[in-house]
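**Student:** First the structure, then my questions, so here it is.
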Amino acid sequence: MVVGQDVLDEIALTRAEYDLIVERLGREPNGVELGMFGALWSEHCGYKHSRALLGMFRHTRRGPGVGAALSETGAENAGAVDIGDGLAVVFKVESHNHPSAVEPFQGAATGVGGIVRDVLAMGARPVALLNSLRFGPLDGGDGGAAFGGGDGLTSIAAHSPASDGVGGSASIAADDVVGGAASGGGDGPTSVAARGAESGVVGGAASGGDDGAASIVASGAESGGGDGAVVGRNRYLFGGVVRGISWYGNCIGVPDVGGEIYFDPAYSHNPLVNAMCVGVIEKSRLASAAARVPGSVLLLAGAGTGRDGIHGASGLASRTFEEEAELRPTVQVGNPFLEKALIEACLEAVDTGAVLAIQDLGAAGLTSAVIESAARAGRGVCIDLARVVRREGGMSAYEVMLSESQERMLLVALPERVEEVRAVFRRWDVDCEEIGRVIAEPVARIYDGGELVAHLPVLPLSEAPVYRLEGRASAEDLARRGFSLEGLALPECGPGETLLRLLASPNIASRQAVYRQYDYQVQTNTVAGPGGSDAAVLRVKGTGKAIALAVDGNGRHCLLDPFVGGQIAVAEVCRNLSCVGARPLALTDCLNFGNPLRPDIYWQLEECIRGMALASERLDAPVVSGNVSLFNETQGQAVLPTPVVGALGLLEDAAGAVGAGFPGEGLAVVLLGPGPGESGAGDLAGSEYLRVMHRLTAGQPGIDLELEGRVQEVCRAGIAAGLIRSAHDCSDGGLAVALAEGCILGGVGFRWQGDGGGGSRWDAALFGERQSRIVVTVEGGRIGELEGLAADGGVPAGLLGFTGGDDLEIGPEAGGGIGLSVAGLRAVWSGALEAAGG
Amino acid sequence: MRFGILRFPGTWSDVDCHYAVSGVLGQDAEYVWHKDGSLDGFDCVILPGGFSYGDYLRPGAMARFSPVMDALYGFAESGRAVIGICNGFQILCESGLLPGALRANRQLEYRCQWTTLRVERADTLFTAACYAGQCLQVPISHGEGNYYADAGTLDALEREGRVLFRYCDSKGAATAEANPNGSANNIAGIINERGNVLGMMPHPERSCEELLGSADGALIFRSIIEYASPDSASPESASPESASRGKLQTSGRA
C-alpha cells in the first residue's frame with residue numbers, strides 16, 4: 001500500500017515520519033493506526049520541535065517542604081506543588097489559539113473546559129482560572145486610540161552599518177504589518193512618509209536620518225481585505241473570546257481571578273488564547289494518570305463521543321493554516337453544564353478510593369488518553385469502541401478514536417468496585433461506561449465489536465520523534481535590536497499628553513470591561529480579584545494562608561531579544577506575586593511561537609526558553625508544567641514570540657496582602673529599584689511608549705536578575721513587616737503610568753518631591769520600562785525603616801513624593817512636568833478599552 | 001438553627017452558602033439533593049446560585065420541575081424561611097413562589113461586581129438585624145438579573161412593602177447609574193406576601209467576611225438565625241419608619 005501525500009497532509013505527518021512508523025512497526029499501519037500516530041505525533045501532543053529545548057527547564061526546588069514539586073514535570077497532567085498544611089496546589093496553562101482563531105466563542109470556551117479537566121485529572125478541585133489573551137488592534141490605529149485613520153502601514157528601514165553587522169539595508173517590519181508585510185523585499189523604495197500617524201511624532205523620529213541612524217518609511221504593502229476588515233475581525237475575535245470564557249467559566253463555578261490582554265498587529269490573524277487553571281487538593285490524595293494495575297477497568301465518563309474536533313490536535317494545532325473556514329468543523333463545542341456535573345462526579349468518584357487513575361480527554365481524544373495512561377505505567381490497554389457512548393450513529397472506529405468531543409474523562413477503577421464508581425456518575429446523570437481494561441503487555445488492542453481495528457505497541461506511539469533544529473536570528477530581528485533610540489525625538493505634546501495617550505492605550509487601560517463579565521468571586525476565596533492588585537490573592541480555607549496567582553508575558557521584549565525577553569517574562573510574573581507580598585513557589589508556561597521550521601522562529605524559541613530557564617533558576621521558581629503552541633502563523637506572518645508565564649505564590653497571612661492603589665493620603669511613595677535619575681533612552685526598548693508615540697518596536701531590553709531578586713525580596717519583607725501599604729510594579733508605561741494607576745485605584749492624588757531625573761530624556765525617566773522597579777507606599781514616619789530594609793537588601797530606594805490632593809503632579813524637571821486631575825486620568829483609563837471596541 | 005441547602009445539577013453557590021452559614025456563622029447546614037423529596041427538619045431552605053441545568057431553556061425553568069420542589073412548596077406554605085439567591089431567585093420566580101421574572105441584563109452581558117443595596121425595611125425575618133435605609137455591600141454575578149414584572153404586580157410589590165433590597169449609590173439613592181442590570185425600580189430582592197420567601201440576585205454568602213471585602217451579607221443570614229428559629233421572638237424593627245409598617249409573621253411553627 002502506498003499512502004498518498006494527501007492522507008499524510010490531513011494528519012500533518014511527513015513522509016519521513018511515515019517511513020519511521022513503518023520501520024518501527026515492521027509493517028504498514030492501517031488507517032486507524034495511522035490516525036493514532038498522526039494525533040500522538042502531532043506537534044500539539046508530541047512536542048516534536050520543542051521537547052529537546054524544554055529540557056532546559058531542569059531546575060526544581062529541592063523538597064520536601066513548602067514549595068516542593070510533587071510531580072515530575074510532564075509526567076502528569078498538571079504540576080503539583082506543596083503549600084504546607086498537607087495541601088498541594090495543582091496548576092497549568094494551556095493554549096487554545098488555533099480553535100479560537102477559527103471560532104472564537106467555542107474555541108475559548110473549550111480552552112477553559114480543557115484546562116479545567118487537566119487539573120481535575122490530578123484529583124484536585126479547580127479553584128481558579130486565569131487567562132492570557134492577545135489580539136490584533138481593535139481600532140484603525142495601532143492599539144493607541146489616539147491614532148485615527150490607520151490605513152498607513154509604516155515600517156522602518158535602518159541603514160545602519162553598526163546594526164550588528166547586518167550589511168546594507170535591513171527592513172524592520174514591526175509596524176502595522178497586518179499580514180505579510182514582514183516579507184522584507186517589498187518595502188523597496190524608502191520614502192519618508194508616515195501615513196496615518198499623528199504629526200510631529202513619527203516625523204520627528206526621522207530626524208536622525210542624515211547620519212544613517214534611521215529613517216521611517218511607509219510601505220505601501222497592504223494586507224488583503226484592508227485594514228477595516230482586519231480590525232472588524234479583531235473585534236469579532238476579541239468579543240467572541242471574552243464571551244466564550246465568560247460563558248464557560250461562569251457556568252462551571254470556578255472563579256476567573258486574573259489575566260492579561262495585549263493588542264499588537266502581529267496577532268491580527270493569530271489571536272492567542274491561553275487559559276490557566278489552578279486546583280487545590282490534600283497532598284496525600286493527589287491522583288495519578290498512570291494506568292498501573294493490569295486488569296483494572298477503563299471507564300469513559302462524560303459526554304457522548306461525536307464527530308467534533310477530529311484532527312483538532314494534528315490539523316488545527318500543529319500547522320499554519322490559511323483557510324480558516326475549512327477547519328471550522330474541527331473546533332469542538334462545549335457544554336459547561338455537563339463539565340460542572342463531571343467535575344463533581346469525578347471528585348466524588350476519586351473520594352470513594354475505587355479510582356486508581358484519572359485522565360482527561362483533550363487533544364487527540366480517546367487515543368491520547370488511553371495511550372498516555374498506559375505509557376506512563378509501561379502497560380497496555382485493550383478497549384472496545386462499540387462500548388463508547390456515541391452522540392451520533394454511523395461513526396467509524398477512526399472517528400471514535402480521534403474525536404475531540406469535550407467533557408470526557410477516563411477513569412481507571414478497581415475491577416471489584418466499578419459499580420460503586422458508576423453509581424456516583426448515575427447520581428449526577430452523567431454517562432460512565434466500561435470500555436476496556438489495562439493489560440500487562442505494553443500494546444494497545446483496539447476492537448470495534450468483534451473486529452480488531454488497531455493493534456500497536458504503546459512505546460513508538462507515545463514517543464514522537466524529537467527534532468533539534470538549527471536556529472538563526474533574522475536580519476530584521478538583529479536590526480530591530482540594534483536600532484539606536486538615542487536619536488529619538490521627544491514628543492512635542494509633552495509628558496502630560498503622553499501620559500494620557502498611554503492610559504488610553506488598550507494595552508494599559510482598565511480591563512474592567514472584560515473582567516466584569518467573569519465571575520471572580522465564586523467559591524468565596526477571592527481576597528484580591530482582577531483590577532486592584534498586581535496578582536490575584538485567594539485564601540486557603542482552613543488555614544490562615546493565601547495563594548497568589550498571576551500570568552504574564554511580553555511578546556515585544558521577546559521579539560527584540562528572546563533571551564532577555566524570556567528572563568523578563570519570568571521576572572515580571574514573579575514580581576507581580578511579590579507586589580502582593582507572596583513568595584513565588586512555581587511556574588507554568590505556555591510558549592506561543594510561529595513556525596519552528598523557520599530558523600528565525602526556532603532561534604526565538606530556543607533563546608526564549610534559555611532565558612526563562614535562567615530566570616526560573618535565579619528566582620527559585622521552578623517550571624512545573626507547561627504547554628507549547630507552535631505554528632501561530634498565517635500567510636508568513638508569525639505572532640510575536642510570546643511566552644506566557646503563570647505563577648503560584650504563597651502568603652503566610654492572607655489578610656496581609658496589599659493592593660496596587662495608594663491606600664490613603666499623606667503616604668510616602670518610594671521607588672524600589674533604579675531611580676528615574678539613572679534612566680536613559682535604552683530603557684525605552686520595546687516599551688508601550690515607543691509603540692504608542694513613535695509606532696516603533698525597537699531597542700535592546702535588559703534585566704539584571706540579581707537585582708530583580710533583591711528588589712522582590714525587599715518588597716515582600718516590607719509587606720510582611722506591615723511597613724509597605726501598597727505595591728505596584730513599573731511595567732507597561734513605566735513609572736508615570738504606575739503612579740497614575742496608584743492614584744486612580746486609590747482615589748487619591750500624588751505630588752512629586754524627588755529628583756525629576758532623566759536629564760534631557762524625560763520620556764525615558766517617566767515612560768521607560770526598565771525592569772526591577774516597584775512603586776510602594778509607606779507611612780511618612782516610617783520612610784527610614786523602609787530605607788534601612790532596602791539598604792540591607794542591597795536595593796536602591798528613592799522617595800518620589802507623597803500621596804494627597806486630587807491631582808497627579810510630577811515635575812517640573814521632567815519636560816515641564818505633569819499636572820492632571822486623578823478624575824481626568826480615571827476617565828481616560830477606565831473607558832478606553834470599551835471605547836476601542838471592547 | 002438548621003439550614004437546608006438545595007443542590008441542583010449546575011448549582012455552584014451551594015458550598016459558599018454552606019460555608020457562610022456553618023463555617024462563618026456556626027449554624028447547622030446540610031445539602032439537599034434535588035431528587036430528594038423531603039425538607040423535614042430544616043428551619044430555613046436556601047436555593048443557592050449557579051446554573052441549574054445549565055440555564056438551558058431559561059434560568060430556573062428546568063429546576064422548577066425537580067422532585068424537591070414539591071417539598072419546597074409545602075415548606076414555604078408552612079411559613080418557614082426560604083431564601084433564593086441568584087439562580088435560586090430565578091427558580092422561585094419560575095416556580096411561582098415569587099412573582100415576576102429575571103430578564104437578561106440591560107447590557108446583554110454577564111456582570112460580576114460589587115453593588116450597594118438599600119435595605120427597604122427592617123421588620124422582616126431577612127432584615128431584622130439591619131436598619132431601614134441601611135446600605136449593604138453585596139456583590140452580584142449574573143447574566144439574567146434584570147427583574148421585571150407587569151405594572152400591576154410592581155405596584156402591588158411597592159404598596160405592600162415587598163421590595164426588600166434596592167440597588168443604590170453610596171449615599172443610598174436608587175439611581176439609574178447604580179442599577180447594574182436594568183431591573184425595574186432598581187429591585188434587587190423581593191419577598192412573598194407572607195414574608196417568609198425571599199428572592200435576591202446579589203450574593204450575601206459572598207460578603208460574610210471582611211477578608212473578602214465586606215461582611216454585610218452576614219446580616220441577612222443573622223436576621224434569619226436570630227428571628228426565624230423556632231424559639232425566637234418576632235423581629236424588632238430597627239428604625240421607627242419600618243416599625244410603622246407593622247410586623248410580619250416570622251415563623252409558621254412559632
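Here, A, B, ... name the chains of the C-alpha cells in the order displayed, residue numbers run from 1 inside each chain, and ligands are numbered from 1 in the same displayed order.
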As a list in words, could you give me every residue of chain A near chain B (at most 7 Å apart, counting only C-alpha atoms)?

**Tutor:**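 Therefore, the residues near the partner are Cys251, Gly253, Phe337, Lys340, Ala341, Arg516, Gln517, Tyr518, Asp519, Val522, Gln523, Thr524, Thr526, Val527 and Ala655 of chain A.
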
**Student:** Kindly give the distance, in Å, that separates CA of Glu652 in chain A and CA of Ser731 in chain A, rounded to a single decimal.

**Tutor:**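 According to the coordinates, CA of Glu652 in chain A and CA of Ser731 in chain A are separated by 26.1 Å.
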
**Student:** Taking into account only C-alpha atoms, which residue in the set B:Met69, B:Asn87, B:Gln107, B:Ala173 is nearest to Glu120 in chain B?

**Tutor:**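 That would be B:Ala173, the residue with the smallest distance to Glu120 in chain B.
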
**Student:** Env of Leu6 in chain B: 9 Å cut, atoms = only C-alpha atoms, seq-sep filter 6 positions within chain, self excluded. Answer as a PyMOL selection string.

**Tutor:** chain B and resi 14+30-34+45-48+68

**Student:** Can you spit out the residues from that selection as an mmCIF file, in the first residue's frame, using all heavy atoms?

**Tutor:**
data_model
loop_
_atom_site.group_PDB
_atom_site.id
_atom_site.type_symbol
_atom_site.label_atom_id
_atom_site.label_comp_id
_atom_site.auth_asym_id
_atom_site.auth_seq_id
_atom_site.Cartn_x
_atom_site.Cartn_y
_atom_site.Cartn_z
ATOM 1 N N ASP B 14 -23.743 26.480 46.360
ATOM 2 C CA ASP B 14 -24.118 25.602 47.471
ATOM 3 C C ASP B 14 -23.023 25.553 48.536
ATOM 4 O O ASP B 14 -23.278 25.723 49.723
ATOM 5 C CB ASP B 14 -24.435 24.188 46.952
ATOM 6 C CG ASP B 14 -23.428 23.676 45.918
ATOM 7 O OD1 ASP B 14 -22.536 24.456 45.516
ATOM 8 O OD2 ASP B 14 -23.520 22.498 45.520
ATOM 9 N N GLU B 30 -26.937 21.491 55.841
ATOM 10 C CA GLU B 30 -26.880 20.210 55.148
ATOM 11 C C GLU B 30 -27.324 20.406 53.698
ATOM 12 O O GLU B 30 -28.229 21.186 53.422
ATOM 13 C CB GLU B 30 -27.864 19.256 55.829
ATOM 14 C CG GLU B 30 -27.390 17.828 55.881
ATOM 15 C CD GLU B 30 -28.321 17.022 56.780
ATOM 16 O OE1 GLU B 30 -28.241 17.174 58.020
ATOM 17 O OE2 GLU B 30 -29.142 16.271 56.214
ATOM 18 N N TYR B 31 -26.661 19.682 52.804
ATOM 19 C CA TYR B 31 -27.069 19.753 51.400
ATOM 20 C C TYR B 31 -28.288 18.870 51.169
ATOM 21 O O TYR B 31 -28.434 17.816 51.784
ATOM 22 C CB TYR B 31 -25.938 19.271 50.489
ATOM 23 C CG TYR B 31 -24.709 20.130 50.559
ATOM 24 C CD1 TYR B 31 -23.504 19.626 51.031
ATOM 25 C CD2 TYR B 31 -24.753 21.471 50.145
ATOM 26 C CE1 TYR B 31 -22.368 20.407 51.092
ATOM 27 C CE2 TYR B 31 -23.619 22.273 50.201
ATOM 28 C CZ TYR B 31 -22.430 21.737 50.679
ATOM 29 O OH TYR B 31 -21.316 22.519 50.745
ATOM 30 N N VAL B 32 -29.165 19.321 50.294
ATOM 31 C CA VAL B 32 -30.331 18.529 49.920
ATOM 32 C C VAL B 32 -30.288 18.315 48.412
ATOM 33 O O VAL B 32 -30.319 19.275 47.634
ATOM 34 C CB VAL B 32 -31.644 19.254 50.297
ATOM 35 C CG1 VAL B 32 -32.846 18.404 49.921
ATOM 36 C CG2 VAL B 32 -31.656 19.597 51.787
ATOM 37 N N TRP B 33 -30.174 17.070 48.003
ATOM 38 C CA TRP B 33 -30.097 16.745 46.575
ATOM 39 C C TRP B 33 -31.455 16.985 45.914
ATOM 40 O O TRP B 33 -32.485 16.696 46.510
ATOM 41 C CB TRP B 33 -29.647 15.290 46.425
ATOM 42 C CG TRP B 33 -29.367 14.838 45.022
ATOM 43 C CD1 TRP B 33 -29.970 13.781 44.390
ATOM 44 C CD2 TRP B 33 -28.432 15.389 44.101
ATOM 45 N NE1 TRP B 33 -29.451 13.652 43.123
ATOM 46 C CE2 TRP B 33 -28.516 14.620 42.912
ATOM 47 C CE3 TRP B 33 -27.543 16.463 44.157
ATOM 48 C CZ2 TRP B 33 -27.744 14.897 41.795
ATOM 49 C CZ3 TRP B 33 -26.769 16.733 43.036
ATOM 50 C CH2 TRP B 33 -26.872 15.955 41.867
ATOM 51 N N HIS B 34 -31.427 17.482 44.715
ATOM 52 C CA HIS B 34 -32.677 17.892 44.052
ATOM 53 C C HIS B 34 -33.647 16.746 43.813
ATOM 54 O O HIS B 34 -34.829 16.960 43.599
ATOM 55 C CB HIS B 34 -32.358 18.592 42.719
ATOM 56 C CG HIS B 34 -31.855 17.657 41.668
ATOM 57 N ND1 HIS B 34 -32.517 17.457 40.476
ATOM 58 C CD2 HIS B 34 -30.776 16.840 41.620
ATOM 59 C CE1 HIS B 34 -31.838 16.574 39.739
ATOM 60 N NE2 HIS B 34 -30.779 16.198 40.413
ATOM 61 N N VAL B 45 -34.558 27.046 54.205
ATOM 62 C CA VAL B 45 -34.028 26.410 52.997
ATOM 63 C C VAL B 45 -33.423 27.485 52.101
ATOM 64 O O VAL B 45 -34.024 28.538 51.880
ATOM 65 C CB VAL B 45 -35.129 25.629 52.243
ATOM 66 C CG1 VAL B 45 -34.675 25.292 50.824
ATOM 67 C CG2 VAL B 45 -35.485 24.362 53.004
ATOM 68 N N ILE B 46 -32.202 27.198 51.628
ATOM 69 C CA ILE B 46 -31.533 28.119 50.706
ATOM 70 C C ILE B 46 -31.510 27.503 49.314
ATOM 71 O O ILE B 46 -31.119 26.343 49.157
ATOM 72 C CB ILE B 46 -30.082 28.406 51.158
ATOM 73 C CG1 ILE B 46 -30.067 29.007 52.572
ATOM 74 C CG2 ILE B 46 -29.387 29.346 50.168
ATOM 75 C CD1 ILE B 46 -28.657 29.243 53.119
ATOM 76 N N LEU B 47 -31.957 28.273 48.330
ATOM 77 C CA LEU B 47 -31.756 27.882 46.934
ATOM 78 C C LEU B 47 -30.565 28.708 46.441
ATOM 79 O O LEU B 47 -30.692 29.913 46.217
ATOM 80 C CB LEU B 47 -32.990 28.184 46.074
ATOM 81 C CG LEU B 47 -34.226 27.302 46.281
ATOM 82 C CD1 LEU B 47 -35.026 27.780 47.488
ATOM 83 C CD2 LEU B 47 -35.097 27.302 45.035
ATOM 84 N N PRO B 48 -29.405 28.077 46.298
ATOM 85 C CA PRO B 48 -28.192 28.850 46.004
ATOM 86 C C PRO B 48 -28.091 29.242 44.528
ATOM 87 O O PRO B 48 -28.878 28.802 43.698
ATOM 88 C CB PRO B 48 -27.053 27.879 46.361
ATOM 89 C CG PRO B 48 -27.700 26.624 46.840
ATOM 90 C CD PRO B 48 -29.127 26.653 46.405
ATOM 91 N N VAL B 68 -37.565 17.861 44.381
ATOM 92 C CA VAL B 68 -37.518 18.545 45.668
ATOM 93 C C VAL B 68 -38.466 19.736 45.710
ATOM 94 O O VAL B 68 -38.832 20.224 46.787
ATOM 95 C CB VAL B 68 -36.068 18.993 45.971
ATOM 96 C CG1 VAL B 68 -35.681 20.217 45.153
ATOM 97 C CG2 VAL B 68 -35.863 19.257 47.464
#

**Student:** Give me, as a list in words, the residues of range 57-185 of chain B that a backbone DSSP run labels alpha helix (DSSP H).

**Tutor:**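 Selection result, alpha helix (DSSP H) within range 57-185 of chain B: Val68, Met69, Asp70, Ala71, Leu72, Tyr73, Gly74, Phe75, Ala76, Glu77, Asn87, Gly88, Phe89, Gln90, Ile91, Leu92, Cys93, Glu94, Ser95, Ala151, Gly152, Thr153, Leu154, Asp155, Ala156, Leu157, Glu158 and Arg159 of chain B.
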
**Student:** Hey, what's within 9 Å of range 397-406 of chain A if we count only C-alpha atoms and toss same-chain stuff fewer than 3 positions away? As a PyMOL selection string, please?

**Tutor:** chain A and resi 31-33+35-36+39+110+113-114+302-313+330-335+339+361-368+385-386+388+390+446-448+453

**Student:** Just to confirm, what's the straight-line distance from CA of Gln359 in chain A to CA of Gly123 in chain A in Å (one decimal)?

**Tutor:**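 Separation of CA of Gln359 in chain A and CA of Gly123 in chain A: 9.4 Å.
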
**Student:** Hey, which of B:Met62, B:Ile83, B:Ile5, B:Val24 ends up closest to Asp36 in chain B? Count only C-alpha atoms.

**Tutor:** B:Ile5

**Student:** From the list A:Val748, A:Ala369, A:Ala454, A:Ala301, which residue is nearest Asp429 in chain A when using only C-alpha atoms?

**Tutor:**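 That would be A:Ala301, the residue with the smallest distance to Asp429 in chain A.
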
**Student:** Quick one: residues within 6 Å of range 696-708 of chain A, only C-alpha atoms counted, chain neighbours fewer than 4 positions away excluded, as a PyMOL selection string?

**Tutor:** chain A and resi 480-481+483+685-686+690-691+771-772

**Student:** Next, the residues of the selection above should be written as a CSV table (one decimal), in the first residue's frame with all heavy atoms.

**Tutor:**
chain,number,residue,atom,x,y,z
A,480,ARG,N,16.4,45.4,14.5
A,480,ARG,CA,15.4,46.0,15.4
A,480,ARG,C,16.1,46.2,16.8
A,480,ARG,O,16.0,47.2,17.4
A,480,ARG,CB,14.3,45.0,15.6
A,480,ARG,CG,12.9,45.4,15.2
A,480,ARG,CD,11.9,44.4,15.6
A,480,ARG,NE,11.2,43.9,14.4
A,480,ARG,CZ,11.3,42.7,14.0
A,480,ARG,NH1,12.1,41.8,14.6
A,480,ARG,NH2,10.7,42.3,12.9
A,481,ARG,N,16.9,45.2,17.1
A,481,ARG,CA,17.5,45.3,18.4
A,481,ARG,C,18.6,46.3,18.4
A,481,ARG,O,18.9,47.0,19.4
A,481,ARG,CB,18.1,43.9,18.8
A,481,ARG,CG,18.6,43.8,20.2
A,481,ARG,CD,19.6,42.6,20.3
A,481,ARG,NE,18.9,41.3,20.1
A,481,ARG,CZ,19.6,40.2,20.3
A,481,ARG,NH1,20.9,40.2,20.7
A,481,ARG,NH2,19.0,39.0,20.0
A,483,PHE,N,18.8,48.9,16.7
A,483,PHE,CA,18.3,50.3,16.4
A,483,PHE,C,18.6,51.2,17.6
A,483,PHE,O,18.2,50.9,18.7
A,483,PHE,CB,16.8,50.2,16.1
A,483,PHE,CG,16.2,51.5,15.7
A,483,PHE,CD1,16.1,51.8,14.4
A,483,PHE,CD2,15.6,52.3,16.7
A,483,PHE,CE1,15.5,53.0,14.0
A,483,PHE,CE2,15.0,53.5,16.3
A,483,PHE,CZ,14.9,53.9,15.0
A,685,ALA,N,13.4,50.6,25.2
A,685,ALA,CA,13.3,49.5,24.3
A,685,ALA,C,12.0,48.7,24.5
A,685,ALA,O,11.7,48.3,25.6
A,685,ALA,CB,14.5,48.6,24.6
A,686,GLY,N,11.3,48.5,23.4
A,686,GLY,CA,10.1,47.6,23.5
A,686,GLY,C,9.0,48.2,24.3
A,686,GLY,O,8.1,47.4,24.6
A,690,LEU,N,7.0,53.7,23.2
A,690,LEU,CA,7.6,53.7,21.9
A,690,LEU,C,6.6,53.3,20.8
A,690,LEU,O,6.6,53.8,19.7
A,690,LEU,CB,8.8,52.6,21.9
A,690,LEU,CG,10.0,52.9,21.0
A,690,LEU,CD1,10.6,54.3,21.3
A,690,LEU,CD2,11.1,51.8,21.3
A,691,ARG,N,5.8,52.4,21.2
A,691,ARG,CA,4.7,51.9,20.3
A,691,ARG,C,3.7,53.0,20.1
A,691,ARG,O,3.3,53.2,18.9
A,691,ARG,CB,4.1,50.7,21.0
A,691,ARG,CG,3.2,49.9,20.1
A,691,ARG,CD,4.0,49.1,19.1
A,691,ARG,NE,3.2,49.0,17.9
A,691,ARG,CZ,3.7,48.6,16.7
A,691,ARG,NH1,5.0,48.2,16.6
A,691,ARG,NH2,2.9,48.5,15.7
A,771,GLN,N,13.4,47.3,34.0
A,771,GLN,CA,12.9,46.2,34.9
A,771,GLN,C,13.2,46.5,36.4
A,771,GLN,O,13.9,47.5,36.7
A,771,GLN,CB,13.4,44.9,34.5
A,771,GLN,CG,13.0,44.5,33.1
A,771,GLN,CD,11.5,44.4,32.9
A,771,GLN,OE1,10.8,43.7,33.7
A,771,GLN,NE2,10.9,45.1,31.9
A,772,SER,N,12.8,45.6,37.2
A,772,SER,CA,13.2,45.6,38.6
A,772,SER,C,12.8,46.8,39.4
A,772,SER,O,13.6,47.3,40.2
A,772,SER,CB,14.7,45.3,38.8
A,772,SER,OG,15.1,44.3,37.9

**Student:** Neighbours of range 785-788 of chain A within 9 Å (only C-alpha atoms; same-chain residues fewer than 2 positions away dropped), as a ChimeraX atom specification?

**Tutor:** /A:670,714,718,723-724,778,781-783,790-793,795-798

**Student:** CA of Leu650 in chain A to CA of Val66 in chain A: how many Å, to one decimal?

**Tutor:**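 Atom-to-atom, CA of Leu650 in chain A to CA of Val66 in chain A, that is 9.2 Å.
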
**Student:** Excluding Gly733 in chain A and its own-chain neighbours fewer than 5 positions away, which residues fall within 7 Å of it when counting only C-alpha atoms? Please give them as a list in words.

**Tutor:** Leu502, Ser687, Glu688, Tyr689, Phe767, Gly768 and Glu769 of chain A

**Student:** How would the residues just chosen look if you wrote them out with all heavy atoms as a PDB file, in the first residue's frame?

**Tutor:**
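Output contents, as saved in selection26.pdb:
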ATOM      1  N   LEU A 502      -1.016  57.157  26.788  1.00  0.00           N
ATOM      2  CA  LEU A 502      -0.658  55.814  27.241  1.00  0.00           C
ATOM      3  C   LEU A 502      -1.784  55.197  28.063  1.00  0.00           C
ATOM      4  O   LEU A 502      -2.097  54.020  27.922  1.00  0.00           O
ATOM      5  CB  LEU A 502       0.642  55.856  28.053  1.00  0.00           C
ATOM      6  CG  LEU A 502       1.903  55.976  27.189  1.00  0.00           C
ATOM      7  CD1 LEU A 502       3.121  56.276  28.049  1.00  0.00           C
ATOM      8  CD2 LEU A 502       2.133  54.702  26.388  1.00  0.00           C
ATOM      9  N   SER A 687       9.073  49.440  24.643  1.00  0.00           N
ATOM     10  CA  SER A 687       8.075  49.991  25.565  1.00  0.00           C
ATOM     11  C   SER A 687       6.765  50.312  24.861  1.00  0.00           C
ATOM     12  O   SER A 687       6.707  50.475  23.645  1.00  0.00           O
ATOM     13  CB  SER A 687       8.620  51.261  26.216  1.00  0.00           C
ATOM     14  OG  SER A 687       8.826  52.251  25.231  1.00  0.00           O
ATOM     15  N   GLU A 688       5.743  50.411  25.668  1.00  0.00           N
ATOM     16  CA  GLU A 688       4.445  50.818  25.138  1.00  0.00           C
ATOM     17  C   GLU A 688       4.521  52.272  24.652  1.00  0.00           C
ATOM     18  O   GLU A 688       3.887  52.646  23.662  1.00  0.00           O
ATOM     19  CB  GLU A 688       3.372  50.656  26.220  1.00  0.00           C
ATOM     20  CG  GLU A 688       1.956  50.992  25.782  1.00  0.00           C
ATOM     21  CD  GLU A 688       1.390  50.028  24.736  1.00  0.00           C
ATOM     22  OE1 GLU A 688       1.994  48.962  24.509  1.00  0.00           O
ATOM     23  OE2 GLU A 688       0.360  50.358  24.129  1.00  0.00           O
ATOM     24  N   TYR A 689       5.309  53.076  25.332  1.00  0.00           N
ATOM     25  CA  TYR A 689       5.525  54.464  24.918  1.00  0.00           C
ATOM     26  C   TYR A 689       6.061  54.511  23.487  1.00  0.00           C
ATOM     27  O   TYR A 689       5.586  55.284  22.643  1.00  0.00           O
ATOM     28  CB  TYR A 689       6.516  55.134  25.872  1.00  0.00           C
ATOM     29  CG  TYR A 689       7.209  56.355  25.306  1.00  0.00           C
ATOM     30  CD1 TYR A 689       6.587  57.604  25.335  1.00  0.00           C
ATOM     31  CD2 TYR A 689       8.473  56.251  24.724  1.00  0.00           C
ATOM     32  CE1 TYR A 689       7.218  58.721  24.793  1.00  0.00           C
ATOM     33  CE2 TYR A 689       9.106  57.358  24.183  1.00  0.00           C
ATOM     34  CZ  TYR A 689       8.473  58.594  24.218  1.00  0.00           C
ATOM     35  OH  TYR A 689       9.090  59.686  23.674  1.00  0.00           O
ATOM     36  N   PHE A 767       8.510  57.109  31.201  1.00  0.00           N
ATOM     37  CA  PHE A 767       7.791  56.057  30.481  1.00  0.00           C
ATOM     38  C   PHE A 767       8.669  54.871  30.079  1.00  0.00           C
ATOM     39  O   PHE A 767       8.202  53.940  29.441  1.00  0.00           O
ATOM     40  CB  PHE A 767       7.113  56.647  29.237  1.00  0.00           C
ATOM     41  CG  PHE A 767       6.211  57.808  29.565  1.00  0.00           C
ATOM     42  CD1 PHE A 767       6.570  59.114  29.234  1.00  0.00           C
ATOM     43  CD2 PHE A 767       5.022  57.603  30.250  1.00  0.00           C
ATOM     44  CE1 PHE A 767       5.747  60.185  29.556  1.00  0.00           C
ATOM     45  CE2 PHE A 767       4.195  58.665  30.572  1.00  0.00           C
ATOM     46  CZ  PHE A 767       4.556  59.971  30.229  1.00  0.00           C
ATOM     47  N   GLY A 768       9.947  54.943  30.423  1.00  0.00           N
ATOM     48  CA  GLY A 768      10.842  53.828  30.138  1.00  0.00           C
ATOM     49  C   GLY A 768      10.408  52.604  30.932  1.00  0.00           C
ATOM     50  O   GLY A 768       9.820  52.735  32.005  1.00  0.00           O
ATOM     51  N   GLU A 769      10.698  51.439  30.395  1.00  0.00           N
ATOM     52  CA  GLU A 769      10.230  50.220  31.055  1.00  0.00           C
ATOM     53  C   GLU A 769      11.388  49.400  31.610  1.00  0.00           C
ATOM     54  O   GLU A 769      11.464  48.186  31.451  1.00  0.00           O
ATOM     55  CB  GLU A 769       9.349  49.408  30.094  1.00  0.00           C
ATOM     56  CG  GLU A 769       8.064  50.146  29.775  1.00  0.00           C
ATOM     57  CD  GLU A 769       7.110  49.403  28.851  1.00  0.00           C
ATOM     58  OE1 GLU A 769       7.306  48.197  28.622  1.00  0.00           O
ATOM     59  OE2 GLU A 769       6.171  50.050  28.353  1.00  0.00           O
TER      60      GLU A 769
END

**Student:** Which of these, A:Gly378, A:Gly646, A:Gly232, A:Pro663, has the shortest distance to Leu745 in chain A once you count only C-alpha atoms?

**Tutor:**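 Among the listed residues, the smallest separation from Leu745 in chain A belongs to A:Pro663.
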